[in-house]
file input08.tsv (TSV, C-alpha atoms)
chain	number	residue	atom	x	y	z
A	61	MET	CA	252.98	203.05	57.28
A	62	SER	CA	255.02	205.91	58.76
A	63	LEU	CA	255.90	205.29	62.40
A	64	PRO	CA	255.77	208.46	64.54
A	65	ASN	CA	258.87	209.73	66.34
A	66	GLU	CA	256.89	211.70	68.92
A	67	LEU	CA	253.49	211.84	70.60
A	68	SER	CA	251.42	214.82	69.49
A	69	GLU	CA	247.96	215.53	68.11
A	70	ASP	CA	249.29	216.04	64.59
A	71	LYS	CA	251.31	212.83	64.63
A	72	ASN	CA	248.41	210.91	66.16
A	73	HIS	CA	246.16	212.15	63.37
A	74	LEU	CA	248.63	210.81	60.80
A	75	VAL	CA	248.71	207.46	62.61
A	76	LEU	CA	244.97	207.01	62.08
A	77	PHE	CA	245.20	208.41	58.55
A	78	ASP	CA	247.71	205.65	57.72
A	79	CYS	CA	245.71	202.92	59.45
A	80	THR	CA	242.56	203.92	57.56
A	81	LYS	CA	244.32	203.94	54.20
A	82	LEU	CA	246.06	200.59	54.74
A	83	LEU	CA	242.94	198.78	56.00
A	84	GLY	CA	240.94	200.12	53.06
A	85	LEU	CA	243.52	198.86	50.56
A	86	GLU	CA	243.91	195.35	51.99
A	87	LEU	CA	240.24	194.84	52.86
A	88	GLY	CA	239.19	196.06	49.41
A	89	LYS	CA	241.55	193.59	47.71
A	90	SER	CA	240.34	190.76	49.95
A	91	CYS	CA	236.66	191.52	49.24
A	92	ASP	CA	237.27	191.71	45.50
A	93	LEU	CA	239.08	188.36	45.41
A	94	LYS	CA	236.43	186.54	47.46
A	95	MET	CA	233.39	188.13	45.82
A	96	ARG	CA	234.69	187.33	42.33
A	97	GLY	CA	234.72	183.68	43.36
A	98	ILE	CA	231.07	183.89	44.46
A	99	ASP	CA	229.32	186.39	42.15
A	100	GLY	CA	231.76	186.66	39.24
A	101	PRO	CA	233.81	189.58	37.85
A	102	ASP	CA	230.82	191.95	37.68
A	103	TRP	CA	229.95	191.72	41.37
A	104	LEU	CA	231.02	195.31	42.11
A	105	LYS	CA	229.12	196.67	39.10
A	106	ASN	CA	226.03	194.83	40.31
A	107	LEU	CA	226.49	196.23	43.82
A	108	GLY	CA	226.76	199.72	42.35
A	109	ALA	CA	223.48	199.22	40.52
A	110	LEU	CA	221.86	197.97	43.73
A	111	ARG	CA	223.03	201.04	45.65
A	112	GLN	CA	222.55	203.42	42.70
A	113	GLN	CA	226.19	204.39	43.16
A	114	TYR	CA	228.14	204.01	39.95
A	115	LYS	CA	231.56	205.32	40.93
A	116	ILE	CA	232.58	203.05	43.79
A	117	ASN	CA	236.11	203.18	45.17
A	118	LEU	CA	236.48	199.69	46.60
A	119	TYR	CA	239.61	200.72	48.54
A	120	ASP	CA	237.89	203.60	50.33
A	121	LEU	CA	237.29	202.47	53.91
A	122	ALA	CA	234.35	204.89	54.21
A	123	PHE	CA	232.50	203.00	51.47
A	124	LEU	CA	233.50	199.58	52.81
A	125	LEU	CA	232.33	200.32	56.36
A	126	LYS	CA	229.03	201.83	55.23
A	127	GLU	CA	228.36	198.87	52.94
A	128	ILE	CA	229.36	196.13	55.38
A	129	LEU	CA	227.30	197.68	58.17
A	130	SER	CA	224.19	197.52	55.95
A	131	SER	CA	222.29	194.41	57.03
A	132	ASP	CA	221.52	193.48	53.40
A	133	SER	CA	225.10	193.80	52.15
A	134	PRO	CA	226.26	190.93	49.92
A	135	LEU	CA	229.72	191.38	51.46
A	136	ARG	CA	228.46	189.87	54.70
A	137	GLN	CA	228.57	186.41	53.13
A	138	ILE	CA	232.40	186.55	53.14
A	139	LEU	CA	232.82	188.19	56.57
A	140	PRO	CA	232.68	186.97	60.19
A	141	LYS	CA	229.20	186.53	61.66
A	142	SER	CA	229.81	187.49	65.30
A	143	PRO	CA	228.01	190.59	66.67
A	144	SER	CA	231.27	191.73	68.33
A	145	PHE	CA	232.90	192.02	64.88
A	146	TYR	CA	230.18	194.40	63.67
A	147	ASN	CA	230.31	196.35	66.93
A	148	LYS	CA	234.02	196.94	66.29
A	149	LEU	CA	233.27	198.00	62.72
A	150	ALA	CA	230.74	200.52	64.05
A	151	ILE	CA	233.41	201.89	66.40
A	152	LEU	CA	235.87	202.04	63.51
A	153	LYS	CA	233.35	203.90	61.35
A	154	ARG	CA	232.95	206.54	64.07
A	155	VAL	CA	236.72	206.83	64.55
A	156	ARG	CA	237.30	207.11	60.80
A	157	ASN	CA	234.62	209.80	60.37
A	158	GLU	CA	235.82	211.82	63.37
A	159	ASN	CA	239.44	211.56	62.25
A	160	GLN	CA	238.52	212.54	58.68
A	161	HIS	CA	236.62	215.60	59.89
A	162	PHE	CA	239.11	216.44	62.65
A	163	SER	CA	236.66	216.01	65.53
A	164	PHE	CA	238.49	213.00	66.98
A	165	LYS	CA	240.30	213.78	70.26
A	166	HIS	CA	243.83	212.71	69.39
A	167	THR	CA	245.03	211.95	72.89
A	168	ASN	CA	247.69	209.27	73.15
A	169	SER	CA	245.37	206.81	74.89
A	170	ALA	CA	242.48	207.38	72.43
A	171	THR	CA	244.81	206.95	69.46
A	172	LYS	CA	246.28	203.71	70.80
A	173	GLU	CA	242.80	202.35	71.56
A	174	ALA	CA	241.74	203.13	68.00
A	175	VAL	CA	244.81	201.38	66.52
A	176	GLU	CA	244.01	198.35	68.69
A	177	VAL	CA	240.52	198.24	67.13
A	178	TYR	CA	242.11	198.34	63.66
A	179	PHE	CA	244.41	195.49	64.76
A	180	ASP	CA	241.53	193.38	66.15
A	181	ILE	CA	239.55	193.73	62.92
A	182	ALA	CA	242.61	192.84	60.84
A	183	LEU	CA	243.06	189.71	62.97
A	184	GLU	CA	239.43	188.63	62.46
A	185	LEU	CA	239.73	189.19	58.71
A	186	ASN	CA	243.19	187.60	58.50
A	187	LEU	CA	244.69	190.60	56.70
A	188	ASN	CA	248.38	189.79	57.07
A	189	VAL	CA	249.90	193.11	56.02
A	190	CYS	CA	247.57	195.06	58.31
A	191	ILE	CA	248.24	192.68	61.20
A	192	GLU	CA	251.98	193.22	60.91
A	193	GLU	CA	251.81	196.99	60.39
A	194	PHE	CA	249.24	197.67	63.12
A	195	ASN	CA	251.25	195.53	65.53
A	196	LEU	CA	254.37	197.60	64.78
A	197	MET	CA	252.37	200.80	65.29
A	198	ILE	CA	251.07	199.66	68.70
A	199	ARG	CA	254.61	198.76	69.78
A	200	ARG	CA	255.91	202.17	68.62
A	201	LEU	CA	253.17	204.02	70.54
A	202	ASN	CA	253.99	201.98	73.67
A	203	ASP	CA	257.71	202.74	73.25
A	204	LEU	CA	257.04	206.47	72.88
A	205	GLU	CA	254.88	206.43	76.00
A	206	ALA	CA	257.76	204.71	77.81
A	207	GLY	CA	260.05	207.62	76.86
A	208	LYS	CA	262.05	206.02	74.06
A	209	SER	CA	263.26	208.33	71.26
A	210	PHE	CA	263.36	207.69	67.51
A	211	GLN	CA	264.59	209.45	64.39
A	212	ALA	CA	262.08	211.12	62.07
A	213	ASP	CA	260.63	208.76	59.48
A	214	PRO	CA	262.47	209.18	56.12
A	215	ASN	CA	259.13	208.74	54.32
A	216	LEU	CA	257.71	211.99	55.71
A	217	ILE	CA	258.02	213.73	52.33
A	218	SER	CA	255.89	211.11	50.60
A	219	LYS	CA	253.44	211.27	53.51
A	220	LEU	CA	253.24	215.04	53.09
A	221	GLY	CA	252.50	214.49	49.41
A	222	GLU	CA	249.55	212.25	50.29
A	223	ILE	CA	248.15	214.83	52.72
A	224	GLU	CA	248.59	217.61	50.15
A	225	MET	CA	246.69	215.55	47.57
A	226	GLN	CA	243.89	215.07	50.13
A	227	LYS	CA	243.79	218.84	50.68
A	228	ALA	CA	243.65	219.54	46.93
A	229	GLU	CA	240.79	217.06	46.50
A	230	MET	CA	238.99	218.75	49.40
A	231	GLU	CA	239.30	222.07	47.55
A	232	ASP	CA	237.74	220.49	44.46
A	233	GLN	CA	234.85	219.25	46.61
A	234	LEU	CA	234.35	222.72	48.08
A	235	ILE	CA	234.17	224.28	44.62
A	236	GLU	CA	231.64	221.64	43.50
A	237	LYS	CA	229.55	222.18	46.65
A	238	ASN	CA	229.58	225.96	46.14
A	239	MET	CA	228.39	225.51	42.55
A	240	LEU	CA	225.66	223.12	43.72
A	241	LEU	CA	224.58	225.58	46.40
A	242	ILE	CA	224.27	228.37	43.84
A	243	ASP	CA	222.26	226.08	41.55
A	244	LYS	CA	219.93	224.97	44.37
A	245	GLU	CA	219.44	228.58	45.54
A	246	ILE	CA	218.48	229.63	42.01
A	247	LYS	CA	215.99	226.74	41.75
A	248	LEU	CA	214.53	227.51	45.18
A	249	SER	CA	214.10	231.18	44.27
A	250	HIS	CA	212.29	230.15	41.08
A	251	ILE	CA	209.97	227.76	42.95
A	252	GLN	CA	209.20	230.39	45.59
A	253	LYS	CA	208.13	232.80	42.83
A	254	ILE	CA	205.84	230.11	41.41
A	255	ILE	CA	204.35	229.53	44.88
A	256	ALA	CA	203.75	233.27	45.38
A	257	LYS	CA	202.07	233.54	41.96
A	258	SER	CA	199.91	230.45	42.63
A	259	ASN	CA	198.82	231.81	46.02
A	260	SER	CA	197.84	235.08	44.37
A	261	LYS	CA	195.75	233.30	41.71
A	262	ILE	CA	194.04	231.13	44.33
A	263	GLU	CA	193.09	234.23	46.31
A	264	GLU	CA	191.57	235.76	43.17
A	265	LEU	CA	189.61	232.57	42.38
A	266	THR	CA	188.39	232.34	45.98
A	267	LYS	CA	187.12	235.92	45.93
A	268	SER	CA	185.24	235.29	42.70
A	269	ASN	CA	183.54	232.16	44.11
A	270	HIS	CA	185.17	229.85	41.59
A	271	GLN	CA	187.08	227.78	44.14
A	272	LYS	CA	185.44	224.57	42.92
A	273	THR	CA	186.38	224.95	39.31
A	274	SER	CA	188.96	222.75	37.60
A	275	ASP	CA	191.31	225.75	37.43
A	276	PHE	CA	191.16	226.07	41.19
A	277	ASN	CA	191.83	222.35	41.71
A	278	LYS	CA	194.69	222.38	39.21
A	279	LEU	CA	196.26	225.39	40.92
A	280	ASN	CA	195.97	223.71	44.31
A	281	GLU	CA	197.60	220.56	42.95
A	282	ASP	CA	200.46	222.51	41.37
A	283	LEU	CA	200.89	224.56	44.53
A	284	GLU	CA	201.29	221.44	46.69
A	285	LYS	CA	203.87	220.05	44.26
A	286	SER	CA	205.78	223.33	44.34
A	287	LYS	CA	205.69	223.43	48.15
A	288	LYS	CA	207.02	219.88	48.31
A	289	GLU	CA	209.79	220.68	45.84
A	290	ALA	CA	210.70	223.84	47.77
A	291	GLU	CA	210.91	221.86	51.02
A	292	GLU	CA	213.18	219.27	49.38
A	293	LEU	CA	215.41	222.04	48.01
A	294	ARG	CA	215.63	223.65	51.47
A	295	GLU	CA	216.68	220.31	52.97
A	296	GLN	CA	219.30	219.86	50.24
A	297	LEU	CA	220.59	223.39	50.82
A	298	ASN	CA	220.87	222.78	54.56
A	299	GLU	CA	222.71	219.51	53.96
A	300	LEU	CA	225.09	221.09	51.43
A	301	ASN	CA	225.78	224.02	53.76
A	302	SER	CA	226.51	221.60	56.60
A	303	GLN	CA	228.85	219.57	54.37
A	304	ARG	CA	230.60	222.70	53.15
A	305	LEU	CA	231.20	223.97	56.69
A	306	SER	CA	232.55	220.55	57.67
A	307	ASP	CA	234.84	220.48	54.61
A	308	GLU	CA	236.11	224.00	55.36
A	309	ILE	CA	237.00	222.94	58.92
A	310	THR	CA	238.69	219.81	57.57
A	311	GLU	CA	240.71	221.84	55.06
A	312	LYS	CA	241.99	224.20	57.76
A	313	GLU	CA	243.00	221.27	59.97
A	314	ILE	CA	244.79	219.62	57.04
A	315	GLU	CA	246.74	222.86	56.60
A	316	LYS	CA	247.88	222.54	60.24
A	317	ILE	CA	249.02	218.96	59.59
A	318	ILE	CA	250.90	220.08	56.46
A	319	ALA	CA	252.59	222.90	58.39
A	320	SER	CA	253.66	220.45	61.11
A	321	LEU	CA	255.10	218.02	58.56
A	322	VAL	CA	256.91	220.81	56.72
A	323	VAL	CA	258.61	221.83	59.98
A	324	SER	CA	259.66	218.22	60.65
A	325	ILE	CA	261.05	217.87	57.12
A	326	SER	CA	262.81	221.25	57.11
A	327	ASN	CA	264.54	220.39	60.39
A	328	THR	CA	266.24	217.46	58.63
A	329	ASN	CA	266.91	219.35	55.39
A	330	ASP	CA	268.27	222.71	56.55
A	331	ASP	CA	271.19	222.46	54.14
A	332	SER	CA	269.01	222.02	51.04
A	333	PRO	CA	269.60	224.67	48.33
A	334	LYS	CA	267.11	227.52	48.17
A	335	ILE	CA	265.41	228.11	44.82
A	336	GLN	CA	265.00	231.69	43.67
A	337	PRO	CA	261.45	232.57	42.66
A	338	HIS	CA	260.74	233.44	39.03
A	339	LYS	CA	259.25	236.91	38.79
A	340	MET	CA	256.22	236.68	36.54
A	341	GLN	CA	254.62	239.65	34.88
A	342	PRO	CA	250.90	239.70	34.08
A	343	LYS	CA	250.15	239.77	30.35
A	344	ASN	CA	247.22	242.09	30.93
A	345	ALA	CA	247.70	245.07	33.23
A	346	ARG	CA	244.06	244.77	34.34
A	347	LEU	CA	244.72	241.25	35.69
A	348	GLU	CA	246.79	241.83	38.81
A	349	ILE	CA	248.46	238.75	40.31
A	350	GLY	CA	247.03	238.09	43.78
A	351	ASN	CA	243.67	239.71	43.00
A	352	ALA	CA	240.30	238.01	42.59
A	353	TRP	CA	239.84	235.99	39.39
A	354	ASN	CA	236.28	236.68	38.24
A	355	LYS	CA	236.26	234.29	35.29
A	356	ALA	CA	235.69	230.54	35.19
A	357	LYS	CA	238.43	228.39	36.69
A	358	GLY	CA	240.52	226.37	34.25
A	359	LYS	CA	239.90	222.66	33.74
A	360	ARG	CA	243.57	221.65	33.91
A	361	LYS	CA	244.67	220.90	37.48
A	362	ILE	CA	248.04	221.17	39.24
A	363	THR	CA	248.89	220.60	42.91
A	364	LEU	CA	251.07	223.28	44.50
A	365	SER	CA	253.19	221.28	46.95
A	366	VAL	CA	254.59	222.87	50.11
A	367	GLY	CA	256.77	219.88	50.99
A	368	LYS	CA	258.38	219.49	47.57
A	369	ARG	CA	258.11	223.22	46.76
A	370	ASP	CA	257.17	222.15	43.28
A	371	LEU	CA	254.21	221.77	40.95
A	372	ILE	CA	252.80	218.24	40.98
A	373	ASP	CA	250.56	216.43	38.49
A	374	PRO	CA	247.60	215.14	40.59
A	375	LYS	CA	247.12	212.20	38.20
A	376	THR	CA	250.67	210.83	38.55
A	377	SER	CA	251.91	212.47	41.79
A	378	GLU	CA	255.04	213.33	39.80
A	379	PRO	CA	256.42	216.78	38.87
A	380	PHE	CA	254.09	218.49	36.40
A	381	GLU	CA	255.48	217.93	32.90
A	382	GLY	CA	253.35	220.56	31.21
A	383	ILE	CA	255.70	223.35	32.32
A	384	SER	CA	259.36	223.70	31.40
A	385	GLU	CA	261.47	222.22	34.18
A	386	GLU	CA	263.70	225.30	34.38
A	387	PHE	CA	260.68	227.45	35.29
A	388	ARG	CA	258.48	225.00	37.21
A	389	ILE	CA	260.09	225.28	40.65
A	390	GLY	CA	260.49	229.04	40.30
A	391	LEU	CA	256.77	229.34	39.60
A	392	ALA	CA	256.04	227.18	42.64
A	393	GLU	CA	258.06	229.59	44.81
A	394	ASP	CA	256.14	232.51	43.30
A	395	TRP	CA	252.79	230.92	44.03
A	396	LEU	CA	253.75	229.81	47.55
A	397	ARG	CA	254.27	233.48	48.37
A	398	ILE	CA	250.60	234.04	47.54
A	399	ARG	CA	249.37	230.74	48.97
A	400	PRO	CA	251.85	229.46	51.61
A	401	SER	CA	249.69	226.43	52.47
A	402	GLY	CA	249.75	225.11	48.89
A	403	GLY	CA	246.79	223.41	47.26
A	404	ARG	CA	245.00	223.16	43.94
A	405	VAL	CA	245.89	225.40	40.99
A	406	PHE	CA	243.66	225.64	37.91
A	407	LEU	CA	244.88	226.44	34.38
A	408	ASP	CA	242.61	227.56	31.56
A	409	GLU	CA	243.23	227.20	27.82
A	410	ASP	CA	244.86	230.63	27.64
A	411	GLY	CA	247.40	229.82	30.35
A	412	HIS	CA	245.73	231.80	33.14
A	413	ALA	CA	246.37	230.21	36.55
A	414	SER	CA	244.10	230.62	39.56
A	415	THR	CA	243.71	229.08	43.01
A	416	LEU	CA	241.02	228.94	45.67
A	417	ILE	CA	241.73	230.96	48.82
A	418	GLY	CA	238.78	230.83	51.18
A	419	GLU	CA	235.74	230.94	48.91
A	420	GLU	CA	237.39	233.14	46.27
A	421	LEU	CA	239.46	232.28	43.20
A	422	ILE	CA	242.71	234.26	43.17
A	423	TYR	CA	244.68	235.06	40.01
A	424	LEU	CA	248.24	233.67	39.88
A	425	GLY	CA	249.24	234.99	36.46
A	426	ASN	CA	249.51	233.80	32.88
A	427	ILE	CA	252.09	231.05	32.39
A	428	SER	CA	251.50	230.22	28.73
A	429	GLU	CA	255.09	231.21	27.85
A	430	PHE	CA	256.36	228.48	30.20
A	431	MET	CA	254.10	225.74	28.86
A	432	LEU	CA	255.72	223.04	26.75
A	433	ASP	CA	252.72	222.91	24.43
A	434	HIS	CA	252.74	226.72	23.96
A	435	LYS	CA	252.89	227.74	20.33
call {"tool": "encode", "arguments": {"input": "input08.tsv", "output": "structure tokens"}}
result
Amino acid sequence: MSLPNELSEDKNHLVLFDCTKLLGLELGKSCDLKMRGIDGPDWLKNLGALRQQYKINLYDLAFLLKEILSSDSPLRQILPKSPSFYNKLAILKRVRNENQHFSFKHTNSATKEAVEVYFDIALELNLNVCIEEFNLMIRRLNDLEAGKSFQADPNLISKLGEIEMQKAEMEDQLIEKNMLLIDKEIKLSHIQKIIAKSNSKIEELTKSNHQKTSDFNKLNEDLEKSKKEAEELREQLNELNSQRLSDEITEKEIEKIIASLVVSISNTNDDSPKIQPHKMQPKNARLEIGNAWNKAKGKRKITLSVGKRDLIDPKTSEPFEGISEEFRIGLAEDWLRIRPSGGRVFLDEDGHASTLIGEELIYLGNISEFMLDHK
């Protein structure tokens, strides 16, 4: 984990970000090892079937906490039995959720208390790496409170990369949620038209004294089904809207964290050479760089990194190999002028690049001439 060199809200957020990631990794490995010995190699697949969740990330602390806190969880057979342990897990779940969605009050005392909960849980589970790392973190927080000073962590650049990947994934989620919202709104509109038509037919049947006919009963039955479906769609829309608003807040707060880290890194790298941007011309005069992109986003993904000022492959976290190295960094500088906070870039089959700014896709230009697989 990266040890902070100062006490601030941004640094405190990163402290809990690191603690969450580390506990998820070590607890996930521990659960897998122990559960294999009890239920065999397919235990996780079986759990997924039980929960109707078929893409489980065992190292995601959010999943682990939700599962363990379920009273019927098979994981409880390998965990401590004391009520105090599960009370601490419930506290940790709240801390993790609030930290993830940037509603946690990152005061120094609250952050240290949270790390102490992480440490206590690691002790009860005998997670050696977590015990050592959380202990070091508590000591560092105590030292900072006592006024001791420390140099910036040399791993800040890699930490920034992790945060940038989180931000890019958040953008993907926002796009998916927006598409789901549109789909649900279309379905709801269709159902509401059916309800209006059914109501009109029922009124006609009632006026003609045929309300007891089979047609009338069938219409009533269909109407109730439609009303139920409409209500379910409204609930889903409300939930999606709530999730989207939460994700948008989270994305903006992540941008603040990235900006803070960039400042810390730049203060230690002021002598680094400056890369000149590559001036890119649009292939089609009607497609102006920086304007709205009204076509479908490309399926190929790149992460525009502020910290590395480079284009990163999200699958490998290494520089993107699909673009000639001599142009890659220049393109990154170009795009950072349009999107200073960095984030996800989408490429389509024709080489058109776009990125999400707010709720709108923005055109970044056609880069097919720079692609290594360009013919």
call {"tool": "atom_distance", "arguments": {"input": "input08.tsv", "atom1": "CA of Ser274 in chain A", "atom2": "CA of Ile262 in chain A"}}
result
11.9 Å
call {"tool": "residues_around", "arguments": {"input": "input08.tsv", "residues": "Lys261 in chain A", "least_positions_apart": "5", "cutoff": "10 Å", "atoms": "all atoms listed in the file", "output": "list in words"}}
result
Ile255, Ala256, Thr266, Lys267, Asp275, Phe276, Leu279 and Asn280 of chain A
call {"tool": "atom_distance", "arguments": {"input": "input08.tsv", "atom1": "CA of Leu391 in chain A", "atom2": "CA of Ser377 in chain A"}}
result
17.7 Å
call {"tool": "closest_residue", "arguments": {"input": "input08.tsv", "among": "A:Val177, A:Val366, A:Ala212, A:Ile98", "to": "Cys190 in chain A", "atoms": "all atoms listed in the file"}}
result
A:Val177
call {"tool": "closest_residue", "arguments": {"input": "input08.tsv", "among": "A:Leu432, A:Lys359, A:Leu67, A:Glu193", "to": "Gly207 in chain A", "atoms": "only C-alpha atoms"}}
result
A:Leu67
call {"tool": "closest_residue", "arguments": {"input": "input08.tsv", "among": "A:Ser365, A:Lys355, A:Leu300, A:Glu348", "to": "Gly425 in chain A", "atoms": "only C-alpha atoms"}}
result
A:Glu348
call {"tool": "residues_near_point", "arguments": {"input": "input08.tsv", "point": "(251.5, 225.2, 48.4)", "cutoff": "9 Å", "atoms": "all atoms listed in the file", "output": "PDB file with C-alpha atoms, in the frame of the given file"}}
result
ATOM      1  CA  GLU A 224     248.590 217.610  50.150  1.00  0.00           C
ATOM      2  CA  THR A 363     248.890 220.600  42.910  1.00  0.00           C
ATOM      3  CA  LEU A 364     251.070 223.280  44.500  1.00  0.00           C
ATOM      4  CA  SER A 365     253.190 221.280  46.950  1.00  0.00           C
ATOM      5  CA  VAL A 366     254.590 222.870  50.110  1.00  0.00           C
ATOM      6  CA  GLY A 367     256.770 219.880  50.990  1.00  0.00           C
ATOM      7  CA  LYS A 368     258.380 219.490  47.570  1.00  0.00           C
ATOM      8  CA  ARG A 369     258.110 223.220  46.760  1.00  0.00           C
ATOM      9  CA  ASP A 370     257.170 222.150  43.280  1.00  0.00           C
ATOM     10  CA  LEU A 371     254.210 221.770  40.950  1.00  0.00           C
ATOM     11  CA  ALA A 392     256.040 227.180  42.640  1.00  0.00           C
ATOM     12  CA  GLU A 393     258.060 229.590  44.810  1.00  0.00           C
ATOM     13  CA  TRP A 395     252.790 230.920  44.030  1.00  0.00           C
ATOM     14  CA  LEU A 396     253.750 229.810  47.550  1.00  0.00           C
ATOM     15  CA  ARG A 397     254.270 233.480  48.370  1.00  0.00           C
ATOM     16  CA  ILE A 398     250.600 234.040  47.540  1.00  0.00           C
ATOM     17  CA  ARG A 399     249.370 230.740  48.970  1.00  0.00           C
ATOM     18  CA  PRO A 400     251.850 229.460  51.610  1.00  0.00           C
ATOM     19  CA  SER A 401     249.690 226.430  52.470  1.00  0.00           C
ATOM     20  CA  GLY A 402     249.750 225.110  48.890  1.00  0.00           C
ATOM     21  CA  GLY A 403     246.790 223.410  47.260  1.00  0.00           C
ATOM     22  CA  ARG A 404     245.000 223.160  43.940  1.00  0.00           C
TER      23      ARG A 404
END
call {"tool": "residues_around", "arguments": {"input": "input08.tsv", "residues": "Asn238 in chain A", "least_positions_apart": "3", "cutoff": "10 Å", "atoms": "only C-alpha atoms", "output": "list in words"}}
result
Asp232, Gln233, Leu234, Ile235, Leu241, Ile242, Asp243, Lys244, Leu300, Asn301, Arg304 and Glu419 of chain A
call {"tool": "closest_residue", "arguments": {"input": "input08.tsv", "among": "A:Lys227, A:Lys105, A:Lys316, A:Lys89", "to": "His73 in chain A", "atoms": "all atoms listed in the file"}}
result
A:Lys316
call {"tool": "residues_around", "arguments": {"input": "input08.tsv", "residues": "Pro374 in chain A", "least_positions_apart": "5", "cutoff": "8 Å", "atoms": "only C-alpha atoms", "output": "list of chain:residue names"}}
result
A:Met225, A:Lys361, A:Ile362, A:Thr363
call {"tool": "axis_aligned_box", "arguments": {"input": "input08.tsv", "around": "range 186-195 of chain A", "padding_each_side": "3 Å", "output": "lines of an AutoDock Vina configuration file"}}
result
center_x = 247.6
center_y = 192.6
center_z = 60.8
size_x = 14.8
size_y = 16.1
size_z = 15.5
call {"tool": "closest_residue", "arguments": {"input": "input08.tsv", "among": "A:Ser62, A:Asn157, A:Ser302, A:Ser428", "to": "Leu82 in chain A", "atoms": "all atoms listed in the file"}}
result
A:Ser62
call {"tool": "residues_around", "arguments": {"input": "input08.tsv", "residues": "Leu196 in chain A", "least_positions_apart": "4", "cutoff": "12 Å", "atoms": "all atoms listed in the file", "output": "PDB file with C-alpha atoms, keeping the file's coordinate frame"}}
result
ATOM      1  CA  MET A  61     252.980 203.050  57.280  1.00  0.00           C
ATOM      2  CA  SER A  62     255.020 205.910  58.760  1.00  0.00           C
ATOM      3  CA  LEU A  63     255.900 205.290  62.400  1.00  0.00           C
ATOM      4  CA  PRO A  64     255.770 208.460  64.540  1.00  0.00           C
ATOM      5  CA  VAL A  75     248.710 207.460  62.610  1.00  0.00           C
ATOM      6  CA  CYS A  79     245.710 202.920  59.450  1.00  0.00           C
ATOM      7  CA  LYS A 172     246.280 203.710  70.800  1.00  0.00           C
ATOM      8  CA  VAL A 175     244.810 201.380  66.520  1.00  0.00           C
ATOM      9  CA  GLU A 176     244.010 198.350  68.690  1.00  0.00           C
ATOM     10  CA  PHE A 179     244.410 195.490  64.760  1.00  0.00           C
ATOM     11  CA  VAL A 189     249.900 193.110  56.020  1.00  0.00           C
ATOM     12  CA  CYS A 190     247.570 195.060  58.310  1.00  0.00           C
ATOM     13  CA  ILE A 191     248.240 192.680  61.200  1.00  0.00           C
ATOM     14  CA  GLU A 192     251.980 193.220  60.910  1.00  0.00           C
ATOM     15  CA  ARG A 200     255.910 202.170  68.620  1.00  0.00           C
ATOM     16  CA  LEU A 201     253.170 204.020  70.540  1.00  0.00           C
ATOM     17  CA  ASN A 202     253.990 201.980  73.670  1.00  0.00           C
ATOM     18  CA  ASP A 203     257.710 202.740  73.250  1.00  0.00           C
TER      19      ASP A 203
END
call {"tool": "closest_residue", "arguments": {"input": "input08.tsv", "among": "A:Glu245, A:Leu107, A:Asp307, A:Leu83", "to": "Leu183 in chain A", "atoms": "all atoms listed in the file"}}
result
A:Leu83
call {"tool": "atom_distance", "arguments": {"input": "input08.tsv", "atom1": "CA of Met431 in chain A", "atom2": "CA of Gly221 in chain A"}}
result
23.5 Å
call {"tool": "residues_around", "arguments": {"input": "input08.tsv", "residues": "Val155 in chain A", "least_positions_apart": "2", "cutoff": "12 Å", "atoms": "all atoms listed in the file", "output": "VMD selection string"}}
result
chain A and resid 73 76 to 77 79 to 80 121 to 122 125 148 to 153 157 to 166 170 to 178
call {"tool": "build_atoms", "arguments": {"input": "input08.tsv", "residues": "range 114-123 of chain A", "atoms": "N, CA and C atoms", "output": "mmCIF file, keeping the file's coordinate frame"}}
result
data_model
loop_
_atom_site.group_PDB
_atom_site.id
_atom_site.type_symbol
_atom_site.label_atom_id
_atom_site.label_comp_id
_atom_site.auth_asym_id
_atom_site.auth_seq_id
_atom_site.Cartn_x
_atom_site.Cartn_y
_atom_site.Cartn_z
ATOM 1 N N TYR A 114 227.443 204.574 41.104
ATOM 2 C CA TYR A 114 228.140 204.010 39.950
ATOM 3 C C TYR A 114 229.624 204.339 39.885
ATOM 4 N N LYS A 115 230.123 205.052 40.868
ATOM 5 C CA LYS A 115 231.560 205.320 40.930
ATOM 6 C C LYS A 115 232.073 204.891 42.294
ATOM 7 N N ILE A 116 232.174 203.592 42.492
ATOM 8 C CA ILE A 116 232.580 203.050 43.790
ATOM 9 C C ILE A 116 234.097 202.893 43.836
ATOM 10 N N ASN A 117 234.689 203.420 44.895
ATOM 11 C CA ASN A 117 236.110 203.180 45.170
ATOM 12 C C ASN A 117 236.177 202.062 46.200
ATOM 13 N N LEU A 118 236.497 200.868 45.735
ATOM 14 C CA LEU A 118 236.480 199.690 46.600
ATOM 15 C C LEU A 118 237.522 199.767 47.712
ATOM 16 N N TYR A 119 238.526 200.625 47.554
ATOM 17 C CA TYR A 119 239.610 200.720 48.540
ATOM 18 C C TYR A 119 239.406 201.878 49.512
ATOM 19 N N ASP A 120 238.243 202.518 49.408
ATOM 20 C CA ASP A 120 237.890 203.600 50.330
ATOM 21 C C ASP A 120 237.212 202.987 51.547
ATOM 22 N N LEU A 121 237.832 203.092 52.716
ATOM 23 C CA LEU A 121 237.290 202.470 53.910
ATOM 24 C C LEU A 121 235.917 203.035 54.271
ATOM 25 N N ALA A 122 235.661 204.295 53.923
ATOM 26 C CA ALA A 122 234.350 204.890 54.210
ATOM 27 C C ALA A 122 233.255 204.107 53.492
ATOM 28 N N PHE A 123 233.485 203.784 52.209
ATOM 29 C CA PHE A 123 232.500 203.000 51.470
ATOM 30 C C PHE A 123 232.378 201.589 52.050
#
